[in-house]
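Asks: A single structure is presented below for examination.
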Amino acid sequence: MRHRIAVVGSGPAGLTFARVLHRHGYPVALLERDPAPDARPPGGTLDLHEALGQLALDKAGLLAEFQALSRPEGQAMRILDTDGTVLRDWQPRPDDRANPEIDRGQLRDLLLGPLDVQWGRGVTHVVPGTRDGVLVHFADGRQETFDLVVGADGAWSRIRPAVSSATPHYTGVTRVETSLDDIDTRHPDLARLIGDGSVAVYGVNRALVAQRSSGGHVKVGAQFRAPLDWHTDLDLDDVEAVRSSLLALFDGWAASVLGLLRHGTAFVHRPLYVLPVSHTWAHVPGVTLLGDAAHLMPPLGAGANLAMLEGAELAESIAAAPGPGDLDEAVRAFEEQMWARAGRWAKITTAGLERLVSPDPTQALAVFDEVQPS
């Protein structure tokens, strides 16, 4: 008899886990609180690393389809001084497939494929160790039991409390996002400024980053160090008030750079939270975590990649478990492997955020010089 397995959350981690299990012929209940796949905007773009996200897609049998959808040109990166001077301009080689970009929506649809998601099934909490397995409590009052519940439900996971008392803490850095549509036609000067990939500008304790998605869509992020309550006297729903506040914060920067904020259509406040760098827990039979639920870290390109590879690896471990009694040992071994790798990346990204949004903007430039090809 197959194990009763549920994964909570239909982000990259949960979808990859379910898709790899599906490839191995294992059923899984994919539980998602959103009522439909398009209930929320899918977000911007992701760069999938060869040894992480792309490896996960290969395990799911989806690498060729990813390569057809992805944008290798999106690996281009330009860094400007606050006066608009170009400091670095990295362009990918024609055959460079190390970190191609893909829109989050495209990745979601690719992973969804044949999966049967149970939309609108919000989970409030789980109780491990019951006679029939792990008891899942749903927001509508219903209950269901499983042999294994995988929490892939993000930063504020409802599954995490079953294994860990850790909660995310504020990094001291806030990100306010806006977006530009049809940029090549409506804002050609900004389109040239951004190029085919991303542009970043670093100042004292603040930064502006813009990144292309497909179809002429650009996501812009204003990042700065501030108290969590920095917006006490600001109505975050007032677009023009937020715009004015940000323009004041970046006062003195080049007009060409500030155009990224002047033409934004709406603003979303996203303070950056993280879990402790080496977040682990005492193994709890029947419950485990993936991705941000397990190791929330600064958004510097590692999170989704790790989440996808973890989902694929856990699915393969479960599929390879020889008998009903081997499920728990497979999960335990997976956790040990996940903790070691995630801990290394959490240290890297935490140190990276400290340098990218710092009193010394040359530190940000040095970060990119260390990782970009000369």
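Letters for chains follow the order of the structure tokens (A, B, ...), residue numbers begin at 1 for each chain, and ligand numbers begin at 1 in the order shown.
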Please, which residues of region 101-299 of chain A, numbered as in this document, come out helix (DSSP H, G or I) from DSSP, as a PyMOL selection string?

Replies: chain A and resi 104-112+160-162+183-186+188-194+214-216+239-249+255-262+292-295

Asks: Which neighbours of region 259-268 of chain A fall inside 6 Å, counting only C-alpha atoms, when residues of the same chain fewer than 6 positions from it are skipped, and could you give them as a PyMOL selection string?

Replies: chain A and resi 176-180+239

Asks: Next, the residues of the selection above should be written as a PDB file, in the first residue's frame with all heavy atoms.

Replies:
```
ATOM      1  N   VAL A 176      10.643  47.792  -1.251  1.00  0.00           N
ATOM      2  CA  VAL A 176       9.375  48.267  -1.794  1.00  0.00           C
ATOM      3  C   VAL A 176       9.416  48.026  -3.297  1.00  0.00           C
ATOM      4  O   VAL A 176      10.317  48.517  -3.990  1.00  0.00           O
ATOM      5  CB  VAL A 176       9.132  49.755  -1.491  1.00  0.00           C
ATOM      6  CG1 VAL A 176       7.802  50.204  -2.091  1.00  0.00           C
ATOM      7  CG2 VAL A 176       9.139  50.003   0.022  1.00  0.00           C
ATOM      8  N   GLU A 177       8.454  47.259  -3.790  1.00  0.00           N
ATOM      9  CA  GLU A 177       8.462  46.844  -5.192  1.00  0.00           C
ATOM     10  C   GLU A 177       7.433  47.620  -6.005  1.00  0.00           C
ATOM     11  O   GLU A 177       6.353  47.960  -5.516  1.00  0.00           O
ATOM     12  CB  GLU A 177       8.149  45.351  -5.312  1.00  0.00           C
ATOM     13  CG  GLU A 177       9.228  44.456  -4.757  1.00  0.00           C
ATOM     14  CD  GLU A 177       8.887  42.983  -4.912  1.00  0.00           C
ATOM     15  OE1 GLU A 177       7.766  42.676  -5.361  1.00  0.00           O
ATOM     16  OE2 GLU A 177       9.744  42.150  -4.583  1.00  0.00           O
ATOM     17  N   THR A 178       7.788  47.872  -7.248  1.00  0.00           N
ATOM     18  CA  THR A 178       6.848  48.392  -8.221  1.00  0.00           C
ATOM     19  C   THR A 178       7.144  47.711  -9.548  1.00  0.00           C
ATOM     20  O   THR A 178       8.044  46.873  -9.643  1.00  0.00           O
ATOM     21  CB  THR A 178       6.940  49.922  -8.330  1.00  0.00           C
ATOM     22  OG1 THR A 178       5.859  50.419  -9.134  1.00  0.00           O
ATOM     23  CG2 THR A 178       8.265  50.379  -8.927  1.00  0.00           C
ATOM     24  N   SER A 179       6.394  48.037 -10.573  1.00  0.00           N
ATOM     25  CA  SER A 179       6.610  47.376 -11.862  1.00  0.00           C
ATOM     26  C   SER A 179       6.303  48.336 -12.998  1.00  0.00           C
ATOM     27  O   SER A 179       5.591  49.331 -12.840  1.00  0.00           O
ATOM     28  CB  SER A 179       5.736  46.123 -11.982  1.00  0.00           C
ATOM     29  OG  SER A 179       4.370  46.449 -11.839  1.00  0.00           O
ATOM     30  N   LEU A 180       6.869  47.998 -14.138  1.00  0.00           N
ATOM     31  CA  LEU A 180       6.668  48.753 -15.375  1.00  0.00           C
ATOM     32  C   LEU A 180       6.239  47.776 -16.451  1.00  0.00           C
ATOM     33  O   LEU A 180       6.824  46.702 -16.589  1.00  0.00           O
ATOM     34  CB  LEU A 180       7.960  49.454 -15.796  1.00  0.00           C
ATOM     35  CG  LEU A 180       8.638  50.355 -14.756  1.00  0.00           C
ATOM     36  CD1 LEU A 180      10.033  50.744 -15.205  1.00  0.00           C
ATOM     37  CD2 LEU A 180       7.797  51.601 -14.522  1.00  0.00           C
ATOM     38  N   VAL A 239      -0.516  55.513  -3.622  1.00  0.00           N
ATOM     39  CA  VAL A 239       0.586  55.319  -4.572  1.00  0.00           C
ATOM     40  C   VAL A 239       1.475  56.548  -4.665  1.00  0.00           C
ATOM     41  O   VAL A 239       2.711  56.449  -4.613  1.00  0.00           O
ATOM     42  CB  VAL A 239       0.032  54.943  -5.962  1.00  0.00           C
ATOM     43  CG1 VAL A 239       1.151  54.910  -6.999  1.00  0.00           C
ATOM     44  CG2 VAL A 239      -0.666  53.595  -5.910  1.00  0.00           C
TER      45      VAL A 239
END
```

Asks: Just the residues within 7 Å of region 53-64 of chain A, please, counting only C-alpha atoms, with nothing from its chain fewer than 5 positions along; format it as a PyMOL selection string.

Replies: chain A and resi 19-20+23+48+305-306+308-309+312

Asks: Measuring atom to atom with only C-alpha atoms, identify which of A:Leu300, A:Val284, A:Leu365, A:Val274 is nearest to Asp147 (chain A).

Replies: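 Once distances to Asp147 (chain A) are computed over only C-alpha atoms, the minimum belongs to A:Val284.
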
Asks: Which is closer to Gly203 (chain A) than all the others in A:Leu272, A:Ala18, A:Ala191, A:Ala222, using only C-alpha atoms?

Replies: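 When distances to Gly203 (chain A) are compared using only C-alpha atoms, the smallest one comes from A:Ala222.
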
Asks: Mind giving me the straight-line distance from CA of Ser256 (chain A) to CA of Thr82 (chain A) in Å, one decimal?

Replies: 9.8 Å

Asks: Just the residues within 9 Å of Gly215 (chain A), please, counting only C-alpha atoms, with nothing from its chain fewer than 3 positions along; format it as a PyMOL selection string.

Replies: chain A and resi 181-183+212+218

Asks: Quick one: write out the picked residues with all heavy atoms as a compact mmCIF listing (two decimals), in the first residue's frame?

Replies:
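Result file follows (part.txt):
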```txt
# COMPACT_ATOMS: atom_id res chain seq x y z
N ASP A 181 5.23 48.15 -17.23
CA ASP A 181 4.74 47.29 -18.30
C ASP A 181 5.02 47.90 -19.67
O ASP A 181 5.08 49.12 -19.82
CB ASP A 181 3.22 47.06 -18.15
CG ASP A 181 2.90 46.19 -16.95
OD1 ASP A 181 3.55 45.14 -16.79
OD2 ASP A 181 2.00 46.56 -16.18
N ASP A 182 5.19 47.00 -20.64
CA ASP A 182 5.41 47.42 -22.03
C ASP A 182 6.53 48.45 -22.10
O ASP A 182 6.42 49.48 -22.75
CB ASP A 182 4.11 47.99 -22.61
CG ASP A 182 4.14 48.09 -24.12
OD1 ASP A 182 5.02 47.45 -24.74
OD2 ASP A 182 3.31 48.83 -24.67
N ILE A 183 7.64 48.13 -21.40
CA ILE A 183 8.69 49.14 -21.20
C ILE A 183 9.36 49.56 -22.49
O ILE A 183 9.73 50.72 -22.66
CB ILE A 183 9.73 48.62 -20.18
CG1 ILE A 183 10.66 49.76 -19.77
CG2 ILE A 183 10.49 47.42 -20.74
CD1 ILE A 183 11.52 49.44 -18.59
N ARG A 212 14.19 42.51 -15.85
CA ARG A 212 13.23 42.19 -16.90
C ARG A 212 12.59 40.82 -16.69
O ARG A 212 13.25 39.87 -16.30
CB ARG A 212 13.90 42.16 -18.27
CG ARG A 212 13.98 43.47 -18.99
CD ARG A 212 14.48 43.24 -20.40
NE ARG A 212 14.69 44.49 -21.10
CZ ARG A 212 13.80 45.04 -21.91
NH1 ARG A 212 12.63 44.44 -22.10
NH2 ARG A 212 14.07 46.17 -22.53
N VAL A 218 8.84 44.71 -16.28
CA VAL A 218 10.02 44.93 -15.44
C VAL A 218 9.57 45.06 -13.99
O VAL A 218 8.62 45.77 -13.68
CB VAL A 218 10.78 46.21 -15.87
CG1 VAL A 218 11.84 46.58 -14.83
CG2 VAL A 218 11.42 46.00 -17.24
```

Asks: As a count of residues only, which residues of region 43-146 of chain A does DSSP assign to strand (DSSP E)?

Replies: 36

Asks: Please provide the set of residues having any atom within 12 Å of region 286-288 of chain A, restricted to only C-alpha atoms, with same-chain residues fewer than 5 positions apart removed, written as a ChimeraX atom specification.

Replies: /A:3-8,14,125-136,145-153,157-164,280-281,293-294,310-311,314,325-336,338-339

Asks: Kindly export the residues of the current selection with C-alpha atoms, as a PDB file, in the first residue's frame.

Replies:
```
ATOM      1  CA  HIS A   3       2.004   6.031   1.689  1.00  0.00           C
ATOM      2  CA  ARG A   4      -0.546   8.781   2.207  1.00  0.00           C
ATOM      3  CA  ILE A   5       1.510  11.898   1.450  1.00  0.00           C
ATOM      4  CA  ALA A   6       0.456  15.556   1.439  1.00  0.00           C
ATOM      5  CA  VAL A   7       2.437  18.653   0.538  1.00  0.00           C
ATOM      6  CA  VAL A   8       1.162  22.026   1.702  1.00  0.00           C
ATOM      7  CA  GLY A  14       5.777  21.918  -3.349  1.00  0.00           C
ATOM      8  CA  HIS A 125      -2.035  23.462  11.653  1.00  0.00           C
ATOM      9  CA  VAL A 126      -1.004  19.811  11.852  1.00  0.00           C
ATOM     10  CA  VAL A 127      -0.772  17.387  14.760  1.00  0.00           C
ATOM     11  CA  PRO A 128       1.794  14.592  14.370  1.00  0.00           C
ATOM     12  CA  GLY A 129       1.785  11.354  16.289  1.00  0.00           C
ATOM     13  CA  THR A 130      -1.912  10.505  16.272  1.00  0.00           C
ATOM     14  CA  ARG A 131      -3.057   6.898  16.022  1.00  0.00           C
ATOM     15  CA  ASP A 132      -3.864   7.275  12.321  1.00  0.00           C
ATOM     16  CA  GLY A 133      -0.874   9.438  11.372  1.00  0.00           C
ATOM     17  CA  VAL A 134      -0.459  13.195  11.047  1.00  0.00           C
ATOM     18  CA  LEU A 135      -3.740  15.027  11.542  1.00  0.00           C
ATOM     19  CA  VAL A 136      -4.194  18.012   9.217  1.00  0.00           C
ATOM     20  CA  THR A 145      -4.767  12.204   8.211  1.00  0.00           C
ATOM     21  CA  PHE A 146      -1.587  11.394   6.278  1.00  0.00           C
ATOM     22  CA  ASP A 147       1.547   9.322   6.792  1.00  0.00           C
ATOM     23  CA  LEU A 148       3.715  12.291   5.790  1.00  0.00           C
ATOM     24  CA  VAL A 149       2.957  16.012   5.599  1.00  0.00           C
ATOM     25  CA  VAL A 150       5.525  18.196   3.841  1.00  0.00           C
ATOM     26  CA  GLY A 151       5.409  21.891   4.664  1.00  0.00           C
ATOM     27  CA  ALA A 152       6.293  23.888   1.551  1.00  0.00           C
ATOM     28  CA  ASP A 153       4.147  26.836   2.599  1.00  0.00           C
ATOM     29  CA  SER A 157       4.491  28.283   7.391  1.00  0.00           C
ATOM     30  CA  ARG A 158       1.566  26.750   9.245  1.00  0.00           C
ATOM     31  CA  ILE A 159       3.416  23.420   9.278  1.00  0.00           C
ATOM     32  CA  ARG A 160       6.682  24.654  10.844  1.00  0.00           C
ATOM     33  CA  PRO A 161       5.342  24.875  14.441  1.00  0.00           C
ATOM     34  CA  ALA A 162       4.905  21.091  14.423  1.00  0.00           C
ATOM     35  CA  VAL A 163       8.690  20.671  14.287  1.00  0.00           C
ATOM     36  CA  SER A 164      10.241  23.998  15.329  1.00  0.00           C
ATOM     37  CA  THR A 280      17.406  22.740  12.223  1.00  0.00           C
ATOM     38  CA  TRP A 281      14.963  20.785  14.366  1.00  0.00           C
ATOM     39  CA  ALA A 293       9.433  27.043   5.469  1.00  0.00           C
ATOM     40  CA  ALA A 294      12.706  25.331   6.418  1.00  0.00           C
ATOM     41  CA  GLU A 310      15.008  19.785  -2.030  1.00  0.00           C
ATOM     42  CA  GLY A 311      11.563  18.922  -3.352  1.00  0.00           C
ATOM     43  CA  LEU A 314      12.872  14.273  -1.051  1.00  0.00           C
ATOM     44  CA  GLY A 325       8.803   1.126   7.363  1.00  0.00           C
ATOM     45  CA  ASP A 326      11.520   2.980   5.441  1.00  0.00           C
ATOM     46  CA  LEU A 327       9.626   6.236   4.873  1.00  0.00           C
ATOM     47  CA  ASP A 328      10.743   7.847   8.126  1.00  0.00           C
ATOM     48  CA  GLU A 329      14.405   6.956   7.612  1.00  0.00           C
ATOM     49  CA  ALA A 330      14.284   8.398   4.101  1.00  0.00           C
ATOM     50  CA  VAL A 331      12.899  11.686   5.427  1.00  0.00           C
ATOM     51  CA  ARG A 332      15.416  11.785   8.293  1.00  0.00           C
ATOM     52  CA  ALA A 333      18.360  11.302   5.905  1.00  0.00           C
ATOM     53  CA  PHE A 334      16.967  13.963   3.576  1.00  0.00           C
ATOM     54  CA  GLU A 335      16.724  16.495   6.420  1.00  0.00           C
ATOM     55  CA  GLU A 336      20.371  16.014   7.386  1.00  0.00           C
ATOM     56  CA  MET A 338      19.114  19.674   3.444  1.00  0.00           C
ATOM     57  CA  TRP A 339      20.319  21.303   6.677  1.00  0.00           C
TER      58      TRP A 339
END
```

Asks: Can you work out which one of A:Glu101, A:Asp251, A:Asp83, A:Asp292 has the shortest atom-to-atom distance to Gly154 (chain A), counting only C-alpha atoms?

Replies: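 Between A:Glu101, A:Asp251, A:Asp83, A:Asp292, the residue approaching Gly154 (chain A) most closely is A:Asp292.
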
Asks: From the set A:Asn99, A:Thr171, A:Thr124, A:Asn205, which residue has the shortest atom-to-atom contact distance to Gln363 (chain A), counting only C-alpha atoms?

Replies: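 Nearest candidate to Gln363 (chain A) out of A:Asn99, A:Thr171, A:Thr124, A:Asn205: A:Asn205.
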